[in-house]
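Student: Supplied structure: work_8.cif, mmCIF, C-alpha atoms and all ligand atoms.
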```cif
data_structure
loop_
_atom_site.label_atom_id
_atom_site.label_comp_id
_atom_site.auth_asym_id
_atom_site.auth_seq_id
_atom_site.Cartn_x
_atom_site.Cartn_y
_atom_site.Cartn_z
CA MET Q 1 155.78 52.08 107.90
CA GLN Q 2 154.92 51.00 111.35
CA SER Q 3 156.47 53.18 114.01
CA HIS Q 4 157.06 52.64 117.67
CA ILE Q 5 157.51 56.31 118.50
CA ALA Q 6 155.43 57.29 121.50
CA ILE Q 7 151.97 58.55 120.67
CA ASP Q 8 152.88 61.85 122.33
CA ALA Q 9 155.52 62.63 119.70
CA PHE Q 10 152.96 63.97 117.24
CA SER Q 11 151.13 67.26 116.69
CA SER Q 12 147.83 65.59 115.96
CA ARG Q 13 146.49 62.08 116.17
CA LEU Q 14 143.72 60.36 114.29
CA GLY Q 15 142.37 57.32 116.08
CA THR Q 16 140.53 54.58 114.20
CA ASP Q 17 138.80 51.98 116.34
CA LEU Q 18 139.02 48.79 114.28
CA ASP Q 19 137.02 46.90 116.91
CA ALA Q 20 134.18 49.40 116.37
CA ILE Q 21 134.41 48.94 112.59
CA ARG Q 22 134.18 45.18 113.09
CA ALA Q 23 131.24 45.60 115.48
CA ASN Q 24 129.46 47.83 112.94
CA TYR Q 25 130.06 45.21 110.25
CA ARG Q 26 128.53 42.54 112.51
CA THR Q 27 125.54 44.76 113.32
CA ILE Q 28 124.87 45.40 109.64
CA ALA Q 29 125.46 41.78 108.60
CA ARG Q 30 122.97 40.56 111.22
CA ARG Q 31 120.42 43.14 110.16
CA ILE Q 32 120.45 42.15 106.49
CA ALA Q 33 120.89 38.37 106.83
CA PRO Q 34 120.38 36.18 104.85
CA ALA Q 35 121.63 38.80 102.38
CA ARG Q 36 125.43 38.91 102.33
CA CYS Q 37 127.36 41.93 103.53
CA GLY Q 38 130.14 43.45 101.46
CA ALA Q 39 132.20 46.52 102.37
CA VAL Q 40 132.91 49.69 100.41
CA VAL Q 41 136.49 50.77 101.13
CA LYS Q 42 137.00 53.26 98.31
CA ALA Q 43 139.10 56.42 98.81
CA ASN Q 44 141.51 54.67 101.19
CA ALA Q 45 138.64 53.31 103.29
CA TYR Q 46 137.02 56.74 103.50
CA GLY Q 47 140.38 58.22 104.48
CA LEU Q 48 140.99 55.90 107.41
CA GLY Q 49 143.57 53.62 105.78
CA VAL Q 50 142.59 50.67 103.63
CA THR Q 51 145.61 48.59 104.60
CA MET Q 52 144.38 48.54 108.21
CA VAL Q 53 140.63 48.65 107.65
CA GLY Q 54 140.59 46.02 104.86
CA PRO Q 55 142.22 43.25 106.91
CA ALA Q 56 140.06 44.05 109.95
CA LEU Q 57 136.91 43.56 107.85
CA TYR Q 58 138.40 40.44 106.29
CA ARG Q 59 139.06 39.01 109.77
CA GLU Q 60 135.43 39.75 110.56
CA GLY Q 61 134.36 37.55 107.63
CA CYS Q 62 133.89 40.06 104.84
CA ARG Q 63 134.74 38.51 101.47
CA THR Q 64 133.35 41.11 99.06
CA PHE Q 65 135.03 44.50 98.79
CA PHE Q 66 134.26 47.52 96.63
CA VAL Q 67 136.68 50.25 95.59
CA ALA Q 68 136.01 53.05 93.09
CA GLN Q 69 139.07 52.84 90.87
CA LEU Q 70 141.47 50.20 89.62
CA CYS Q 71 144.38 52.02 91.31
CA GLU Q 72 142.75 51.26 94.67
CA THR Q 73 142.70 47.49 94.14
CA GLY Q 74 146.42 46.80 94.60
CA PRO Q 75 146.89 48.10 98.16
CA LEU Q 76 143.76 46.23 99.25
CA ALA Q 77 144.53 42.97 97.46
CA GLN Q 78 147.93 42.81 99.14
CA VAL Q 79 146.47 42.76 102.63
CA ILE Q 80 143.39 40.51 102.36
CA GLY Q 81 143.01 36.85 101.46
CA GLY Q 82 142.90 35.69 97.87
CA ASP Q 83 139.42 34.26 98.43
CA ALA Q 84 137.96 37.77 98.62
CA GLU Q 85 136.45 39.43 95.57
CA ILE Q 86 137.24 43.07 94.74
CA PHE Q 87 134.77 45.03 92.62
CA VAL Q 88 135.71 48.31 90.93
CA LEU Q 89 132.65 50.57 91.11
CA ASN Q 90 133.68 53.04 88.41
CA GLY Q 91 134.41 50.22 85.97
CA ILE Q 92 137.39 50.21 83.65
CA ASP Q 93 139.25 53.13 82.13
CA PRO Q 94 140.11 52.70 78.45
CA GLY Q 95 143.40 50.84 78.20
CA SER Q 96 143.29 49.20 81.62
CA GLU Q 97 141.04 46.27 80.64
CA ALA Q 98 143.86 43.73 80.26
CA LEU Q 99 145.46 44.67 83.58
CA CYS Q 100 142.13 44.43 85.38
CA ALA Q 101 141.39 41.01 83.88
CA GLU Q 102 144.89 39.69 84.54
CA ARG Q 103 144.73 40.64 88.21
CA GLY Q 104 141.27 39.14 88.61
CA PHE Q 105 139.50 42.30 89.74
CA VAL Q 106 135.86 42.62 88.84
CA PRO Q 107 134.78 45.81 87.08
CA VAL Q 108 131.29 47.18 87.45
CA LEU Q 109 130.24 47.80 83.85
CA ASN Q 110 128.34 51.07 83.83
CA SER Q 111 127.97 52.08 80.21
CA ALA Q 112 127.47 50.45 76.83
CA THR Q 113 131.05 51.40 75.99
CA GLN Q 114 132.44 49.73 79.10
CA VAL Q 115 130.41 46.61 78.31
CA GLU Q 116 131.70 46.57 74.76
CA ARG Q 117 135.35 47.03 75.76
CA TRP Q 118 135.09 44.19 78.32
CA ARG Q 119 133.42 41.89 75.77
CA THR Q 120 136.06 42.70 73.19
CA LEU Q 121 138.80 41.64 75.61
CA ALA Q 122 136.88 38.46 76.48
CA ARG Q 123 136.57 37.56 72.80
CA SER Q 124 140.24 38.19 72.14
CA ASN Q 125 141.21 36.15 75.23
CA GLY Q 126 138.84 33.38 74.20
CA ARG Q 127 137.39 33.12 77.70
CA SER Q 128 134.63 34.72 79.69
CA LEU Q 129 135.56 37.54 82.07
CA PRO Q 130 133.96 38.34 85.44
CA ALA Q 131 132.00 41.56 85.79
CA ALA Q 132 129.12 43.26 87.56
CA LEU Q 133 126.49 45.18 85.69
CA GLN Q 134 125.10 48.44 87.01
CA VAL Q 135 121.56 49.46 86.09
CA ASP Q 136 120.52 53.10 86.31
CA SER Q 137 117.24 52.82 88.18
CA GLY Q 138 116.77 56.57 88.34
CA MET Q 139 119.80 58.32 89.85
CA SER Q 140 121.19 59.33 86.45
CA ARG Q 141 124.76 58.89 87.62
CA LEU Q 142 126.17 55.54 86.51
CA GLY Q 143 124.65 52.46 84.94
CA LEU Q 144 122.87 51.21 81.87
CA PRO Q 145 119.29 52.18 81.14
CA SER Q 146 116.80 49.36 81.82
CA THR Q 147 116.23 48.63 78.14
CA ALA Q 148 119.95 48.27 77.41
CA ALA Q 149 120.44 45.97 80.39
CA ILE Q 150 117.52 43.78 79.36
CA ALA Q 151 118.90 43.59 75.83
CA LEU Q 152 122.13 42.15 77.29
CA ALA Q 153 120.14 39.62 79.31
CA ASN Q 154 118.64 38.41 76.04
CA ASP Q 155 121.95 38.26 74.19
CA PRO Q 156 123.43 34.73 74.35
CA ALA Q 157 126.85 36.02 73.28
CA PHE Q 158 126.91 38.31 76.34
CA ALA Q 159 126.34 35.33 78.62
CA ARG Q 160 129.27 33.52 76.98
CA GLU Q 161 131.63 36.46 77.15
CA VAL Q 162 130.80 37.88 80.57
CA ASP Q 163 130.70 35.87 83.77
CA LEU Q 164 128.13 38.06 85.51
CA ARG Q 165 128.74 38.09 89.27
CA LEU Q 166 126.31 40.83 90.28
CA VAL Q 167 123.56 43.05 88.96
CA MET Q 168 123.45 46.26 90.95
CA THR Q 169 121.93 49.69 91.23
CA HIS Q 170 122.42 52.66 93.53
CA LEU Q 171 119.79 54.63 95.46
CA ALA Q 172 119.77 58.42 95.27
CA CYS Q 173 117.76 59.02 98.47
CA ALA Q 174 118.45 56.02 100.72
CA ASP Q 175 119.18 58.31 103.69
CA GLU Q 176 115.67 59.75 103.43
CA PRO Q 177 113.30 56.81 104.01
CA ALA Q 178 110.16 58.84 103.28
CA ARG Q 179 111.14 59.69 99.71
CA PRO Q 180 108.99 57.88 97.11
CA ALA Q 181 112.08 57.69 94.89
CA ASN Q 182 113.30 54.72 96.94
CA ALA Q 183 110.33 52.49 96.08
CA GLU Q 184 110.39 53.72 92.48
CA GLN Q 185 114.05 52.84 92.05
CA LEU Q 186 113.50 49.45 93.69
CA ALA Q 187 110.61 48.63 91.34
CA ARG Q 188 112.61 49.61 88.27
CA PHE Q 189 115.62 47.58 89.43
CA ARG Q 190 113.55 44.48 90.18
CA MET Q 191 111.99 44.60 86.75
CA VAL Q 192 115.47 44.47 85.18
CA HIS Q 193 116.99 42.05 87.70
CA ALA Q 194 114.24 39.53 86.89
CA HIS Q 195 115.85 39.10 83.47
CA PHE Q 196 119.05 37.79 85.12
CA PRO Q 197 117.93 34.67 86.98
CA GLY Q 198 120.56 33.29 89.35
CA VAL Q 199 122.67 36.45 89.38
CA PRO Q 200 122.76 38.14 92.83
CA GLY Q 201 121.25 41.63 93.04
CA SER Q 202 122.73 44.49 95.04
CA ILE Q 203 120.93 47.72 95.95
CA ALA Q 204 121.71 48.97 99.44
CA ASN Q 205 124.44 51.35 100.49
CA SER Q 206 124.54 52.31 104.18
CA GLY Q 207 121.25 54.17 103.94
CA GLY Q 208 119.58 51.23 102.17
CA ILE Q 209 120.52 48.92 105.03
CA PHE Q 210 118.15 50.79 107.30
CA LEU Q 211 115.32 50.67 104.75
CA PRO Q 212 112.91 47.67 104.72
CA GLY Q 213 114.28 44.21 103.87
CA GLU Q 214 113.21 44.35 100.22
CA PHE Q 215 116.03 46.87 99.69
CA HIS Q 216 118.73 44.48 100.90
CA GLY Q 217 118.92 42.31 97.78
CA GLU Q 218 121.41 39.44 97.95
CA LEU Q 219 124.47 41.58 98.71
CA ALA Q 220 124.68 44.93 100.49
CA ARG Q 221 127.36 47.59 99.95
CA PRO Q 222 127.74 49.61 103.16
CA GLY Q 223 130.50 52.19 103.39
CA VAL Q 224 130.08 55.09 105.76
CA ALA Q 225 128.01 53.12 108.31
CA LEU Q 226 131.00 50.84 108.91
CA PHE Q 227 132.86 53.96 109.98
CA GLY Q 228 130.24 54.89 112.55
CA VAL Q 229 128.31 57.53 110.65
CA ASP Q 230 124.51 57.27 110.87
CA PRO Q 231 123.27 57.11 107.28
CA GLY Q 232 119.80 58.41 107.98
CA PRO Q 233 117.15 58.79 110.67
CA HIS Q 234 116.48 55.07 111.22
CA ALA Q 235 120.08 54.00 111.70
CA GLU Q 236 120.75 52.35 115.02
CA GLY Q 237 123.37 50.34 116.82
CA LEU Q 238 126.42 51.84 115.10
CA GLN Q 239 129.48 52.68 117.18
CA PRO Q 240 131.67 55.73 116.60
CA VAL Q 241 135.01 54.84 115.04
CA VAL Q 242 137.01 58.04 114.66
CA ARG Q 243 138.74 60.28 117.14
CA LEU Q 244 140.82 63.32 116.25
CA ASP Q 245 142.95 65.35 118.66
CA ALA Q 246 145.47 68.13 118.10
CA ARG Q 247 148.07 69.61 120.34
CA VAL Q 248 148.14 73.09 121.85
CA LEU Q 249 151.08 74.97 120.30
CA GLN Q 250 150.82 78.17 122.31
CA ILE Q 251 148.64 79.90 124.86
CA ARG Q 252 148.27 83.65 125.25
CA THR Q 253 146.07 86.35 126.70
CA ILE Q 254 145.19 89.26 124.43
CA GLU Q 255 143.78 92.68 125.29
CA ALA Q 256 140.73 94.44 123.89
CA GLY Q 257 141.26 95.58 120.32
CA ALA Q 258 143.83 92.89 119.38
CA GLY Q 259 143.20 91.14 116.06
CA VAL Q 260 143.39 87.36 115.70
CA GLY Q 261 144.69 85.55 112.62
CA TYR Q 262 144.65 86.38 108.92
CA GLY Q 263 142.64 89.45 108.02
CA PHE Q 264 141.91 90.15 111.71
CA GLU Q 265 138.57 88.48 111.14
CA HIS Q 266 138.24 88.52 114.92
CA ILE Q 267 138.98 91.53 117.12
CA ALA Q 268 138.97 91.01 120.89
CA ARG Q 269 136.25 93.00 122.64
CA GLY Q 270 137.88 92.52 126.01
CA GLN Q 271 140.71 90.54 127.50
CA GLN Q 272 140.66 87.08 125.96
CA ARG Q 273 142.54 83.84 126.59
CA LEU Q 274 143.47 81.92 123.45
CA ALA Q 275 145.12 78.65 122.49
CA THR Q 276 146.62 78.03 119.07
CA ILE Q 277 146.29 74.38 118.11
CA ALA Q 278 148.17 72.30 115.58
CA ILE Q 279 145.55 71.65 112.96
CA GLY Q 280 144.60 73.58 109.84
CA TYR Q 281 142.95 73.21 106.50
CA ALA Q 282 145.95 71.28 105.17
CA ASP Q 283 144.97 68.59 107.68
CA GLY Q 284 141.40 68.42 106.42
CA TRP Q 285 140.13 70.74 109.15
CA PRO Q 286 137.84 72.92 107.03
CA ARG Q 287 138.73 76.57 106.63
CA CYS Q 288 135.04 77.46 106.73
CA LEU Q 289 134.97 76.51 110.45
CA GLY Q 290 136.59 79.89 111.22
CA GLY Q 291 134.25 81.73 113.61
CA VAL Q 292 131.81 78.78 113.50
CA GLY Q 293 133.30 75.52 114.78
CA ALA Q 294 135.02 74.54 117.98
CA ALA Q 295 137.51 72.30 119.70
CA TRP Q 296 136.74 70.67 123.06
CA HIS Q 297 138.59 70.02 126.26
CA SER Q 298 137.24 68.04 129.23
CA GLY Q 299 133.67 68.61 128.12
CA THR Q 300 134.13 72.36 127.53
CA ARG Q 301 133.52 73.94 124.14
CA LEU Q 302 136.38 76.10 122.85
CA PRO Q 303 135.04 78.25 119.99
CA ILE Q 304 137.29 78.90 116.99
CA VAL Q 305 138.19 82.57 116.70
CA GLY Q 306 139.33 84.13 113.44
CA ARG Q 307 140.23 82.26 110.31
CA VAL Q 308 141.54 78.70 110.21
CA SER Q 309 145.13 78.76 108.85
CA MET Q 310 146.85 76.04 106.84
CA ASP Q 311 148.59 74.54 109.87
CA SER Q 312 146.88 76.03 112.90
CA THR Q 313 143.60 77.14 114.40
CA THR Q 314 143.05 79.51 117.30
CA VAL Q 315 140.38 78.83 119.92
CA ASP Q 316 139.00 80.77 122.87
CA ILE Q 317 139.79 79.00 126.14
CA GLY Q 318 138.10 81.52 128.44
CA ALA Q 319 135.56 78.91 129.55
CA LEU Q 320 138.30 76.76 131.08
CA PRO Q 321 139.76 77.41 134.51
CA GLU Q 322 143.13 79.13 134.34
CA GLY Q 323 145.88 76.54 133.93
CA ALA Q 324 143.49 73.77 132.86
CA LEU Q 325 145.03 73.69 129.39
CA ARG Q 326 148.74 73.99 128.79
CA GLU Q 327 151.09 74.08 125.86
CA GLY Q 328 151.57 70.53 124.59
CA ASP Q 329 148.18 69.27 125.78
CA PHE Q 330 145.73 67.77 123.29
CA VAL Q 331 142.29 69.13 122.55
CA GLU Q 332 139.48 67.10 121.01
CA LEU Q 333 138.25 67.87 117.50
CA ILE Q 334 136.27 64.69 116.79
CA GLY Q 335 135.28 62.37 119.61
CA PRO Q 336 132.82 61.96 122.47
CA SER Q 337 132.25 65.73 122.82
CA GLN Q 338 131.97 66.52 119.12
CA SER Q 339 130.81 63.95 116.60
CA LEU Q 340 131.94 63.76 113.02
CA ASP Q 341 128.39 64.74 112.05
CA ASN Q 342 128.58 67.88 114.22
CA VAL Q 343 131.80 68.94 112.56
CA ALA Q 344 130.28 68.28 109.14
CA ARG Q 345 127.18 70.30 110.00
CA ASP Q 346 129.28 73.24 111.25
CA ALA Q 347 131.26 73.10 108.01
CA GLY Q 348 128.12 72.92 105.85
CA THR Q 349 129.02 69.51 104.48
CA ILE Q 350 128.60 65.79 105.19
CA ALA Q 351 130.65 63.42 107.33
CA TYR Q 352 131.86 61.65 104.16
CA GLU Q 353 133.71 64.76 103.05
CA ILE Q 354 135.30 65.46 106.44
CA LEU Q 355 136.50 61.84 106.70
CA THR Q 356 137.98 61.60 103.23
CA GLN Q 357 139.90 64.89 103.62
CA LEU Q 358 141.67 64.06 106.90
CA GLY Q 359 145.28 64.64 106.02
CA ALA Q 360 148.60 62.82 106.04
CA ARG Q 361 150.10 64.74 108.95
CA HIS Q 362 148.03 63.08 111.66
CA ALA Q 363 149.64 60.22 113.48
CA ARG Q 364 147.37 57.28 112.79
CA ILE Q 365 146.43 55.18 115.75
CA TYR Q 366 144.61 51.92 115.21
CA LEU Q 367 142.91 50.19 118.11
CA GLU Q 368 142.17 46.48 117.93
CA ASN Q 369 141.76 43.90 120.68
CA GLY Q 370 142.78 46.42 123.30
CA ALA Q 371 146.11 47.17 121.61
CA ALA Q 372 147.15 50.32 119.76
CA GLN Q 373 149.25 50.41 116.62
CA VAL Q 374 150.78 53.75 115.70
CA ARG Q 375 151.69 54.93 112.21
CA ALA Q 376 153.87 58.00 112.01
CA PRO Q 377 152.57 61.04 110.11
CA GLY Q 378 153.24 61.04 106.40
CA SER Q 379 153.23 57.25 106.09
CA TYR Q 380 149.92 56.82 104.36
CA PRO Q 381 148.52 53.60 105.77
C1 LIG L 1 130.13 54.84 97.77
C2 LIG L 1 129.15 53.82 97.31
C3 LIG L 1 128.53 52.95 98.25
C4 LIG L 1 128.69 53.13 99.74
O1 LIG L 1 127.94 54.24 100.14
P1 LIG L 1 127.72 54.61 101.67
O2 LIG L 1 126.68 55.66 101.63
O3 LIG L 1 129.01 55.12 102.17
O4 LIG L 1 127.30 53.38 102.36
C5 LIG L 1 127.75 51.94 97.77
N1 LIG L 1 127.53 51.79 96.44
C6 LIG L 1 128.09 52.62 95.53
C7 LIG L 1 127.79 52.40 94.08
C8 LIG L 1 128.89 53.66 95.93
O5 LIG L 1 129.42 54.49 95.02
#
```
When written as C-alpha cells, how does the structure in this file appear?
Ligand SMILES: *Cc1c(COP(=O)(O)O)cnc(C)c1O

Tutor:
Amino acid sequence: MQSHIAIDAFSSRLGTDLDAIRANYRTIARRIAPARCGAVVKANAYGLGVTMVGPALYREGCRTFFVAQLCETGPLAQVIGGDAEIFVLNGIDPGSEALCAERGFVPVLNSATQVERWRTLARSNGRSLPAALQVDSGMSRLGLPSTAAIALANDPAFAREVDLRLVMTHLACADEPARPANAEQLARFRMVHAHFPGVPGSIANSGGIFLPGEFHGELARPGVALFGVDPGPHAEGLQPVVRLDARVLQIRTIEAGAGVGYGFEHIARGQQRLATIAIGYADGWPRCLGGVGAAWHSGTRLPIVGRVSMDSTTVDIGALPEGALREGDFVELIGPSQSLDNVARDAGTIAYEILTQLGARHARIYLENGAAQVRAPGSYP
C-alpha cells in the first residue's frame, strides 16, 4: 500500500535509491556489451522490494529477470511488461510443473529429475516447453554434470520437448579473481556449451562481471552489484543504493557501575551518555553487533554498548557535543558514514545477508527522478 504519511512518522526508514540501481545496471550493461544484461531479483530483490526494483530495471531496459523460486514470479510478473522473461533459478518443485508452464515462467533445470519431469509435461502437453539448463562446472551446488548435459545435447527427443533458452553455470569464486577455479570452471562450461550451438550461454554473477570478457557469455546475471555492493576487488563504478536510519527513543546519562541492557554485558566505568535507538535484531540489525558495531551521527561514530535487543539498540553518544542529538532524531546505520559492507564485516557476515534480513518495520522510501515514494512499515513492497 502506498502511503502519504510524512516520512517522519516512522521509527526507522530504509531508503532505496532506484536511480542508483538504474545507474548500476547501465554501468554493468556497458561493461559487458555486446553480452546482454539480466537482473537477479530473488528474495524480494535482495530485501529491497521487487515490486519497486523490478519496474525500475524494466524501465532501464532489462528484459531478463531471475528469481529463485516459483512463488517469487507472481509479484514480479505483475509489475513488469509481458515481453520480459522470468527464469526460476531453483527450477521446479514436484507438482508445480503445470503451473509454471501455464504462466510461461522458465525453469532452470538443475537435475536429471527436474529435466525428466519437465519433459514428461511437454510430452503430455504435446508441445515443447521453455527451459534453461544449468551445468555444474565445479561448484557442486546445482546443475547437471557435464556428461549428462552433453547426453541431452545429443538426444533429438530432448530438442523436440524442450525449447532451450539458455545454458548456464555458476562460479564459486567469482569475487576472487586470482583463484584458478574461475578459469577451470569456464573451460569446463565452454566444453559443454559447445554442444548446444545457437543457445545463449550465461556464466557471470556480479563477481563474474568484473572478470575478463570471456566470463561474460551471452547473458550476465548480476544481483548484488545492482544494489551497490562491490562484488570483489576489481569492481568499479557502482553507486551505493541503500540507506538505513533509526530514531532515538530515549537519551540518558548513567553513572559508573550502571549496567546496560540484557545481562549487563556492559557496565559503565564512569559517567556515560547513552541513546537508545529504535532498531533491533527483529529489524535485521544483527544481534552480534552488540559491543562491536556502531551507529553514526553527523560523521561521529556512536559505538553500540551492551547487547542488541529485539526492538532497540543502545549507543554511546559521549563523542557528540551535549544537545547535538535529541529524542526523535535519526541516527545513521547504513549510509555515507557506514557502508553496508562495513556493517557486514562488523557482524562477521556478507552484505547479501544484511540486505536480505532487513525487516518489515522500516518505512520504505524509494527515490527516483528526484521524487520520494514512501511505503508504510509492514506493507511489504
Ligand atoms: C544469486 C545468483 C546470482 C546473482 O549473484 P550475485 O552475486 O548477487 O550477483 C546469479 N546466478 C545465480 C545462479 C544465483 O543463484

Student: Sorted by chain and rising residue number, which residues of chain Q lie within 10 Å of ligand LIG 1 (chain L), and what are their closest atom pairs and distances in Å to one decimal, counting only C-alpha atoms and all ligand atoms, as CSV?

Tutor:
```
residue,atom,partner,partner_atom,distance
Q:Gly38,CA,L:LIG1,C5,9.6
Q:Ala39,CA,L:LIG1,C4,7.9
Q:Val40,CA,L:LIG1,C4,5.5
Q:Val41,CA,L:LIG1,C1,8.3
Q:Lys42,CA,L:LIG1,C1,7.1
Q:Ala43,CA,L:LIG1,C1,9.2
Q:Ala45,CA,L:LIG1,O3,9.9
Q:Tyr46,CA,L:LIG1,O3,8.3
Q:Phe66,CA,L:LIG1,C5,8.0
Q:Val67,CA,L:LIG1,C1,8.3
Q:Ala68,CA,L:LIG1,O5,7.0
Q:Val88,CA,L:LIG1,C7,9.5
Q:Leu89,CA,L:LIG1,C7,6.0
Q:Asn90,CA,L:LIG1,O5,8.0
Q:Val108,CA,L:LIG1,C7,9.1
Q:Gln134,CA,L:LIG1,C7,8.5
Q:Arg141,CA,L:LIG1,C7,9.6
Q:Leu142,CA,L:LIG1,C7,8.4
Q:Gly143,CA,L:LIG1,C7,9.7
Q:Met168,CA,L:LIG1,C7,8.1
Q:Thr169,CA,L:LIG1,C7,7.1
Q:His170,CA,L:LIG1,C7,5.4
Q:Leu171,CA,L:LIG1,N1,8.3
Q:Ala172,CA,L:LIG1,O2,9.8
Q:Ala174,CA,L:LIG1,O2,8.3
Q:Asp175,CA,L:LIG1,O2,8.2
Q:Ser202,CA,L:LIG1,N1,8.8
Q:Ile203,CA,L:LIG1,N1,7.8
Q:Ala204,CA,L:LIG1,C5,6.9
Q:Asn205,CA,L:LIG1,O4,4.0
Q:Ser206,CA,L:LIG1,O4,3.5
Q:Gly207,CA,L:LIG1,O2,6.1
Q:Gly208,CA,L:LIG1,O4,8.0
Q:Ile209,CA,L:LIG1,O4,8.5
Q:Ala220,CA,L:LIG1,C5,8.1
Q:Arg221,CA,L:LIG1,C5,4.9
Q:Pro222,CA,L:LIG1,O4,3.9
Q:Gly223,CA,L:LIG1,O3,3.5
Q:Val224,CA,L:LIG1,O3,3.7
Q:Ala225,CA,L:LIG1,O4,6.0
Q:Leu226,CA,L:LIG1,O4,7.9
Q:Phe227,CA,L:LIG1,O3,8.8
Q:Val229,CA,L:LIG1,O3,8.8
Q:Asp230,CA,L:LIG1,O2,9.6
Q:Pro231,CA,L:LIG1,O2,6.8
Q:Gly232,CA,L:LIG1,O2,9.8
Q:Ala351,CA,L:LIG1,O3,9.9
Q:Tyr352,CA,L:LIG1,O3,7.4
```

Student: For segment 292-305 of chain Q, list every protein, DNA or RNA residue within 6 Å, evaluated using all atoms listed in the file, and leave out those in the same chain fewer than 5 positions away; present the list as a ChimeraX atom specification.

Tutor: /Q:314-317,331-333,346

Student: Skipping near chain neighbours, those fewer than 3 positions away, what residues fall within 8 Å of Pro286 of chain Q using all atoms listed in the file, listed as a list in words?

Tutor: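 Once the nearby chain positions are removed, what remains is Gly280, Tyr281, Leu289, Val308, Ala347 and Ile354 of chain Q.
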
Student: Emit the selected residues as a PDB file, in the frame of the given file, including C-alpha atoms.

Tutor:
```pdb
ATOM      1  CA  GLY Q 280     144.600  73.580 109.840  1.00  0.00           C
ATOM      2  CA  TYR Q 281     142.950  73.210 106.500  1.00  0.00           C
ATOM      3  CA  LEU Q 289     134.970  76.510 110.450  1.00  0.00           C
ATOM      4  CA  VAL Q 308     141.540  78.700 110.210  1.00  0.00           C
ATOM      5  CA  ALA Q 347     131.260  73.100 108.010  1.00  0.00           C
ATOM      6  CA  ILE Q 354     135.300  65.460 106.440  1.00  0.00           C
TER       7      ILE Q 354
END
```

Student: Give the answer as one residue: which of Q:Asp245, Q:Asp93, Q:Glu102, Q:Asp341 has the shortest atom-to-atom distance to Gly328 of chain Q, using all atoms listed in the file?

Tutor: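 Closest to Gly328 of chain Q of all the choices is Q:Asp245.
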
Student: Can you work out the spacing between atom CA of His193 of chain Q and atom CA of Asp163 of chain Q in Å, to one decimal?

Tutor: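 Distance reported for this atom pair: 15.5 Å.
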
Student: From (138.4, 35.9, 97.2), in the file's coordinates, out to 12 Å: which residues are reached, counting all atoms listed in the file? Answer as a PyMOL selection string.

Tutor: chain Q and resi 38+58+61-65+76-87+103-106

Student: I need the residue nearest Tyr366 of chain Q from this list: Q:Gly15, Q:Pro145, Q:Gly213, Q:Gly323. Use all atoms listed in the file for the distance.

Tutor: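 For Tyr366 of chain Q, the nearest of the given residues is Q:Gly15.
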
Student: As lines of an AutoDock Vina configuration file, what would the box around segment 158-169 of chain Q look like: edges along x, y and z, 6 Å added on every side, centre and edge lengths in Å to one decimal?

Tutor:
```
center_x = 126.8
center_y = 41.6
center_z = 83.8
size_x = 21.7
size_y = 28.2
size_z = 26.9
```

Student: Report the distance between atom CA of Trp285 of chain Q and atom CA of Ser309 of chain Q in Å, rounded to one decimal place.

Tutor: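 Between these atoms lies a distance of 9.5 Å.
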
Student: Provide the atom CA of Met139 of chain Q to atom CA of Met191 of chain Q distance in Å, to one decimal place.

Tutor: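 Taking atom CA of Met139 of chain Q and atom CA of Met191 of chain Q, their separation equals 16.1 Å.
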
Student: Hey, can you pull every residue with an atom no more than 9 Å from (132.0, 59.1, 119.2), using only C-alpha atoms, and send it as a list of chain:residue names?

Tutor: Q:Gly228, Q:Gln239, Q:Pro240, Q:Val241, Q:Val242, Q:Arg243, Q:Ile334, Q:Gly335, Q:Pro336, Q:Ser337, Q:Gln338, Q:Ser339, Q:Leu340
